[in-house]
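Have a look at query-v7.csv; it's CSV, C-alpha atoms:
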```csv
chain,number,residue,atom,x,y,z
A,115,MET,CA,9.4,8.4,30.3
A,116,ILE,CA,11.5,9.9,27.5
A,117,GLU,CA,15.3,9.6,27.7
A,118,ILE,CA,17.3,11.7,25.2
A,119,LYS,CA,21.0,10.9,25.0
A,120,GLY,CA,23.5,12.7,22.9
A,121,LEU,CA,21.0,13.9,20.3
A,122,ASN,CA,22.5,15.6,17.2
A,123,LYS,CA,20.8,17.0,14.1
A,124,ALA,CA,22.2,19.1,11.3
A,125,PHE,CA,20.9,20.5,8.1
A,126,GLY,CA,23.9,20.7,5.8
A,127,GLU,CA,26.7,22.5,7.6
A,128,LYS,CA,24.3,24.0,10.2
A,129,ARG,CA,24.3,22.0,13.4
A,130,VAL,CA,20.9,22.6,15.0
A,131,LEU,CA,21.0,20.2,17.9
A,132,LYS,CA,24.3,19.4,19.6
A,133,ASP,CA,24.7,16.4,22.0
A,134,ILE,CA,21.5,17.1,23.9
A,135,SER,CA,20.8,14.8,26.8
A,136,VAL,CA,17.8,15.1,29.1
A,137,THR,CA,15.1,12.9,30.7
A,138,ILE,CA,11.5,14.0,30.5
A,139,LYS,CA,9.8,12.5,33.5
A,140,GLU,CA,6.5,10.7,33.7
A,141,GLY,CA,3.6,13.2,34.1
A,142,GLU,CA,5.7,16.3,34.0
A,143,LEU,CA,5.2,19.4,31.8
A,144,PHE,CA,8.5,20.1,30.2
A,145,SER,CA,9.0,23.3,28.2
A,146,VAL,CA,11.7,24.2,25.7
A,147,ILE,CA,12.2,27.9,25.2
A,148,GLY,CA,14.3,30.1,22.9
A,149,PRO,CA,14.0,32.6,20.1
A,150,SER,CA,12.3,31.7,16.8
A,151,GLY,CA,14.5,29.7,14.5
A,152,ILE,CA,16.8,28.3,17.2
A,153,GLY,CA,15.8,24.6,16.7
A,154,LYS,CA,12.9,24.1,19.1
A,155,SER,CA,10.6,22.6,16.4
A,156,THR,CA,13.5,20.4,15.2
A,157,PHE,CA,13.8,19.1,18.7
A,158,ILE,CA,10.1,18.2,19.0
A,159,LYS,CA,10.0,16.7,15.5
A,160,CYS,CA,12.9,14.5,16.4
A,161,LEU,CA,11.0,13.3,19.5
A,162,ILE,CA,8.3,11.8,17.4
A,163,ARG,CA,10.7,10.9,14.5
A,164,LEU,CA,9.1,13.2,12.0
A,165,LEU,CA,12.8,14.0,11.6
A,166,ARG,CA,15.5,11.4,11.9
A,167,PRO,CA,18.4,12.5,14.2
A,168,ASP,CA,22.0,12.2,12.9
A,169,SER,CA,23.1,10.5,16.0
A,170,GLY,CA,22.1,9.9,19.7
A,171,GLN,CA,19.2,8.0,21.3
A,172,ILE,CA,15.5,8.8,21.9
A,173,VAL,CA,14.2,6.2,24.3
A,174,VAL,CA,10.5,6.2,24.7
A,175,ASP,CA,9.3,3.7,27.4
A,176,GLY,CA,12.4,1.6,26.8
A,177,GLN,CA,12.3,1.7,23.0
A,178,ASP,CA,15.0,3.6,21.2
A,179,ILE,CA,13.4,5.2,18.1
A,180,ALA,CA,16.2,7.5,17.1
A,181,SER,CA,17.8,5.2,14.5
A,182,THR,CA,15.2,2.5,13.8
A,183,ARG,CA,14.1,2.0,10.2
A,184,SER,CA,11.2,-0.2,11.3
A,185,GLU,CA,8.0,1.5,10.3
A,186,PHE,CA,6.1,-0.9,12.6
A,187,THR,CA,8.2,0.2,15.6
A,188,LEU,CA,7.7,3.9,14.7
A,189,ALA,CA,4.0,3.5,14.2
A,190,LYS,CA,3.7,1.7,17.6
A,191,VAL,CA,5.6,4.4,19.5
A,192,ARG,CA,3.8,7.2,17.7
A,193,ARG,CA,0.5,5.9,19.0
A,194,SER,CA,1.7,7.0,22.4
A,195,PHE,CA,2.0,10.6,21.2
A,196,GLY,CA,-0.5,13.4,20.5
A,197,TYR,CA,0.8,16.4,18.5
A,198,LEU,CA,-0.6,19.9,18.5
A,199,PHE,CA,0.8,21.6,15.4
A,200,GLN,CA,1.7,25.3,15.5
A,201,GLU,CA,-1.0,26.3,13.1
A,202,GLY,CA,-3.5,23.6,14.2
A,203,ALA,CA,-3.4,21.9,10.8
A,204,LEU,CA,-7.1,21.1,10.6
A,205,PHE,CA,-8.4,19.7,7.4
A,206,ASP,CA,-10.5,22.4,5.9
A,207,SER,CA,-12.6,20.0,3.8
A,208,LEU,CA,-13.6,17.9,6.8
A,209,THR,CA,-16.1,18.6,9.6
A,210,VAL,CA,-15.0,18.9,13.2
A,211,LEU,CA,-16.1,15.4,13.8
A,212,GLU,CA,-14.1,14.0,10.9
A,213,ASN,CA,-11.0,16.1,12.0
A,214,VAL,CA,-11.1,14.9,15.6
A,215,ALA,CA,-11.7,11.3,14.5
A,216,PHE,CA,-8.9,11.3,12.0
A,217,GLY,CA,-6.4,9.7,14.3
A,218,LEU,CA,-8.9,7.2,15.6
A,219,LYS,CA,-9.3,5.9,12.0
A,220,TYR,CA,-5.5,5.4,11.4
A,221,LEU,CA,-4.1,4.8,14.9
A,222,THR,CA,-6.6,2.6,16.6
A,223,ASP,CA,-8.8,-0.4,16.0
A,224,ILE,CA,-11.9,1.3,17.5
A,225,PRO,CA,-15.0,0.6,15.4
A,226,LYS,CA,-16.1,3.6,13.3
A,227,SER,CA,-19.5,3.4,15.0
A,228,GLU,CA,-17.8,4.5,18.3
A,229,PHE,CA,-16.2,7.6,16.7
A,230,PRO,CA,-19.1,10.1,17.3
A,231,LYS,CA,-19.3,9.3,21.0
A,232,ILE,CA,-15.5,9.6,21.5
A,233,VAL,CA,-15.4,12.8,19.5
A,234,LYS,CA,-18.2,14.4,21.5
A,235,ALA,CA,-16.4,13.4,24.8
A,236,LYS,CA,-13.1,14.9,23.7
A,237,LEU,CA,-14.7,18.1,22.5
A,238,ALA,CA,-16.4,18.4,25.9
A,239,LEU,CA,-13.1,17.9,27.6
A,240,VAL,CA,-11.7,21.0,25.8
A,241,GLY,CA,-14.9,23.0,26.4
A,242,LEU,CA,-16.7,22.6,23.1
A,243,LYS,CA,-20.2,21.2,22.3
A,244,ASP,CA,-22.5,21.0,19.4
A,245,VAL,CA,-19.8,21.8,16.8
A,246,GLU,CA,-19.3,18.4,15.3
A,247,ASN,CA,-20.9,19.3,12.0
A,248,LEU,CA,-19.1,22.6,11.5
A,249,LYS,CA,-16.2,23.1,9.2
A,250,PRO,CA,-12.9,24.8,10.4
A,251,SER,CA,-13.8,28.0,8.4
A,252,GLU,CA,-16.8,28.4,10.7
A,253,LEU,CA,-14.7,28.4,13.9
A,254,SER,CA,-12.9,31.2,15.7
A,255,VAL,CA,-9.2,31.0,16.2
A,256,GLY,CA,-9.7,29.8,19.8
A,257,MET,CA,-12.2,27.2,18.8
A,258,LYS,CA,-9.8,25.8,16.1
A,259,LYS,CA,-7.1,25.4,18.8
A,260,ARG,CA,-9.6,23.5,21.0
A,261,VAL,CA,-10.6,21.2,18.1
A,262,SER,CA,-6.9,20.6,17.3
A,263,LEU,CA,-6.3,19.7,20.9
A,264,ALA,CA,-9.3,17.4,20.9
A,265,ARG,CA,-7.9,15.6,17.9
A,266,SER,CA,-4.5,15.3,19.6
A,267,ILE,CA,-6.0,13.5,22.6
A,268,ALA,CA,-8.7,11.5,20.8
A,269,ALA,CA,-6.6,8.3,20.7
A,270,GLU,CA,-5.7,8.8,24.4
A,271,PRO,CA,-2.0,9.3,24.0
A,272,LYS,CA,0.5,9.0,26.9
A,273,TYR,CA,2.5,12.0,25.7
A,274,ILE,CA,1.4,15.2,24.0
A,275,LEU,CA,3.7,17.6,22.1
A,276,TYR,CA,2.8,21.3,21.7
A,277,ASP,CA,4.6,23.2,18.9
A,278,GLU,CA,4.5,27.0,19.6
A,279,PRO,CA,0.9,26.7,20.9
A,280,THR,CA,0.4,30.5,21.4
A,281,THR,CA,2.1,32.0,18.3
A,282,GLY,CA,0.1,34.7,16.7
A,283,LEU,CA,-2.7,34.6,19.3
A,284,ASP,CA,-4.1,37.6,21.2
A,285,PRO,CA,-3.7,37.7,25.0
A,286,VAL,CA,-7.2,36.3,25.7
A,287,THR,CA,-6.8,33.3,23.4
A,288,THR,CA,-3.2,32.8,24.7
A,289,GLY,CA,-4.7,32.6,28.2
A,290,MET,CA,-7.2,30.1,27.0
A,291,VAL,CA,-4.5,27.9,25.5
A,292,LYS,CA,-2.5,28.1,28.7
A,293,ASP,CA,-5.5,26.8,30.7
A,294,LEU,CA,-6.1,24.0,28.1
A,295,ILE,CA,-2.5,22.8,28.4
A,296,THR,CA,-2.6,22.7,32.2
A,297,ASP,CA,-6.1,21.2,32.2
A,298,MET,CA,-5.0,18.3,30.0
A,299,ARG,CA,-2.2,17.5,32.3
A,300,ALA,CA,-4.4,17.7,35.4
A,301,LYS,CA,-7.3,15.8,34.0
A,302,LEU,CA,-5.5,13.1,31.9
A,303,GLY,CA,-2.1,12.8,33.6
A,304,ILE,CA,-0.5,13.3,30.2
A,305,THR,CA,3.3,13.9,30.0
A,306,SER,CA,3.5,17.2,28.1
A,307,VAL,CA,6.4,18.8,26.1
A,308,VAL,CA,5.9,22.4,25.0
A,309,VAL,CA,8.2,24.3,22.6
A,310,THR,CA,7.7,28.0,22.7
A,311,HIS,CA,9.3,31.4,22.6
A,312,ASP,CA,6.7,32.6,25.1
A,313,MET,CA,8.8,32.9,28.3
A,314,LYS,CA,5.8,33.8,30.5
A,315,LEU,CA,3.8,30.8,29.3
A,316,ALA,CA,6.7,28.4,30.0
A,317,LEU,CA,7.4,29.8,33.5
A,318,ASP,CA,3.7,29.8,34.4
A,319,ILE,CA,2.8,26.2,33.3
A,320,SER,CA,6.0,24.1,33.5
A,321,SER,CA,7.4,21.7,36.0
A,322,ARG,CA,10.8,22.3,34.3
A,323,VAL,CA,12.0,24.7,31.7
A,324,ALA,CA,14.9,24.2,29.3
A,325,MET,CA,16.6,27.0,27.3
A,326,LEU,CA,17.9,26.1,23.9
A,327,SER,CA,20.8,28.2,22.6
A,328,LYS,CA,23.2,27.4,19.8
A,329,GLY,CA,22.0,23.9,19.7
A,330,GLU,CA,22.4,23.1,23.4
A,331,PHE,CA,20.4,23.3,26.6
A,332,VAL,CA,22.2,26.0,28.5
A,333,GLU,CA,19.7,25.8,31.5
A,334,VAL,CA,17.3,23.1,32.6
A,335,SER,CA,15.6,23.8,35.9
A,336,GLU,CA,12.3,24.4,37.7
A,337,PRO,CA,10.6,27.8,37.0
A,338,ASP,CA,11.6,29.3,40.4
A,339,LYS,CA,15.3,28.4,39.9
A,340,PHE,CA,15.1,29.3,36.2
A,341,ARG,CA,14.1,32.9,37.1
A,342,LEU,CA,17.2,33.2,39.2
A,343,SER,CA,19.6,31.7,36.6
A,344,ALA,CA,23.1,33.2,36.5
A,345,ASN,CA,23.4,32.2,32.9
A,346,ALA,CA,23.9,35.3,30.8
A,347,GLU,CA,21.9,34.0,27.8
A,348,VAL,CA,19.0,33.1,30.0
A,349,ARG,CA,18.9,36.4,31.7
A,350,GLU,CA,19.1,38.3,28.4
A,351,PHE,CA,16.3,36.3,26.9
A,352,MET,CA,14.1,36.9,30.0
A,353,ARG,CA,14.9,40.6,29.8
A,354,ILE,CA,14.0,40.8,26.1
A,355,SER,CA,10.8,38.8,26.7
A,356,HIS,CA,9.7,41.1,29.5
A,357,LEU,CA,10.3,44.2,27.4
A,358,SER,CA,8.4,42.7,24.5
A,359,ARG,CA,5.4,41.8,26.8
A,360,VAL,CA,5.4,45.4,28.2
A,361,ARG,CA,5.3,46.9,24.7
A,362,GLN,CA,2.5,44.5,23.7
A,363,ASN,CA,0.4,45.4,26.7
A,364,GLN,CA,0.9,49.1,26.0
A,365,ASN,CA,-0.2,48.7,22.4
A,366,ASP,CA,-3.2,46.7,23.6
```

Is it possible to give me this structure as structure tokens?
Amino acid sequence: MIEIKGLNKAFGEKRVLKDISVTIKEGELFSVIGPSGIGKSTFIKCLIRLLRPDSGQIVVDGQDIASTRSEFTLAKVRRSFGYLFQEGALFDSLTVLENVAFGLKYLTDIPKSEFPKIVKAKLALVGLKDVENLKPSELSVGMKKRVSLARSIAAEPKYILYDEPTTGLDPVTTGMVKDLITDMRAKLGITSVVVTHDMKLALDISSRVAMLSKGEFVEVSEPDKFRLSANAEVREFMRISHLSRVRQNQND
């Protein structure tokens, strides 16, 4: 369980996160939505302490990591997390096997001789086989996303963070990523946090959806309740998202 209490983060005079408090429950799929540039990625980077909050608490399984300066503590907690970066962030010079095994090398004590077996199993879990010796340049966009996800789950994390997982993808690949996210939760029981501007994705996959606006969560509710929200900002964002999707479908 992740408990966030009074989380604040500013860059200079700009307050990006303002006194955010929320509990992300064990096993749930929690999505944070909002327009690009609103602070969603800042929120998710604070969760794993890639960014240090200005104040507040981030309690992961009883350990507050928000203000700790202990690299040992941070390293221990980070082993509980997998992170799917927005662009995948695969290493171009490494093979698929080496990319997926990267976290195994630095986050676990697993013998190197075990890496190929583990990598093959994780690739199979995301629907890939016989790609271990390929380089990222030889993969399609969808395959790169799958490899990135396999890397994220290689060390068997308890939590997985998805940063804008469908940005820039075509509808077919977006649907594939959506299925991957829900499959990982179903197969592995992983607690998932997704930050996205894709309203349809959030409403389709989430157990709860939070809307970030002006640094605050203006709505946190289950998808059915979220769709009926009386909050003006939520309703406007849903309206704009719907119109954008209609235009995209017409252009396709």

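Here CA of Ile274 (chain A) and CA of Ile172 (chain A) stand 15.6 Å from one another.
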
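Proximity ranking of A:Ser335, A:Ser184, A:Gln200, A:Ser227 relative to Gly282 (chain A) places A:Gln200 first, based on all atoms listed in the file.
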
Rounded to one decimal place, report the CA of Ile267 (chain A)-CA of Pro279 (chain A) distance in Å. 15.0 Å

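Distances here use all atoms listed in the file; by that measure, the residue among A:Glu127, A:Glu212, A:Glu117, A:Glu336 closest to Ala180 (chain A) is A:Glu117.
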
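When CA of Ser320 (chain A) is paired with CA of Glu142 (chain A), their separation reads 7.8 Å.
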
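Among A:Met290, A:Leu121, A:Val261, A:Met115, the residue with the shortest atom-to-atom distance to Gly176 (chain A), counting only C-alpha atoms, is A:Met115.
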
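Shortest separation to Met313 (chain A) among A:Asp284, A:Asp178, A:Asp293, A:Glu278 occurs at residue A:Glu278, atoms counted being only C-alpha atoms.
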
Within 9 Å of (-7.0, 9.1, 16.4) in the file's own coordinates, which protein, DNA or RNA residues have an atom, counting only C-alpha atoms? List them as an mmCIF file with C-alpha atoms, in the frame of the given file.
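Output saved as result_16.cif:
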```
data_model
loop_
_atom_site.group_PDB
_atom_site.id
_atom_site.type_symbol
_atom_site.label_atom_id
_atom_site.label_comp_id
_atom_site.auth_asym_id
_atom_site.auth_seq_id
_atom_site.Cartn_x
_atom_site.Cartn_y
_atom_site.Cartn_z
ATOM 1 C CA ARG A 193 0.500 5.900 19.000
ATOM 2 C CA GLY A 196 -0.500 13.400 20.500
ATOM 3 C CA VAL A 214 -11.100 14.900 15.600
ATOM 4 C CA ALA A 215 -11.700 11.300 14.500
ATOM 5 C CA PHE A 216 -8.900 11.300 12.000
ATOM 6 C CA GLY A 217 -6.400 9.700 14.300
ATOM 7 C CA LEU A 218 -8.900 7.200 15.600
ATOM 8 C CA LYS A 219 -9.300 5.900 12.000
ATOM 9 C CA TYR A 220 -5.500 5.400 11.400
ATOM 10 C CA LEU A 221 -4.100 4.800 14.900
ATOM 11 C CA THR A 222 -6.600 2.600 16.600
ATOM 12 C CA ARG A 265 -7.900 15.600 17.900
ATOM 13 C CA SER A 266 -4.500 15.300 19.600
ATOM 14 C CA ILE A 267 -6.000 13.500 22.600
ATOM 15 C CA ALA A 268 -8.700 11.500 20.800
ATOM 16 C CA ALA A 269 -6.600 8.300 20.700
ATOM 17 C CA GLU A 270 -5.700 8.800 24.400
#
```

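Around Gly151 (chain A), within 10 Å and counting all atoms listed in the file, the residues found are A:Val130, A:Gly148, A:Lys154, A:Ser155, A:Thr156, A:His311, once anything fewer than 3 positions away on its own chain is removed.
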
Env of Lys234 (chain A): 8 Å cut, atoms = all atoms listed in the file, seq-sep filter 3 positions within chain, self excluded. Answer as a ChimeraX atom specification. /A:230-231,237-238,243,246

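When only C-alpha atoms are used to compute distances to Gln177 (chain A), the closest of the residues A:Lys236, A:Asn345, A:Lys190, A:Lys258 turns out to be A:Lys190.
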
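Proximity to Val174 (chain A) was assessed for A:Phe331, A:Tyr197, A:Tyr273, A:Phe186 counting all atoms listed in the file; the smallest distance is recorded for A:Tyr273.
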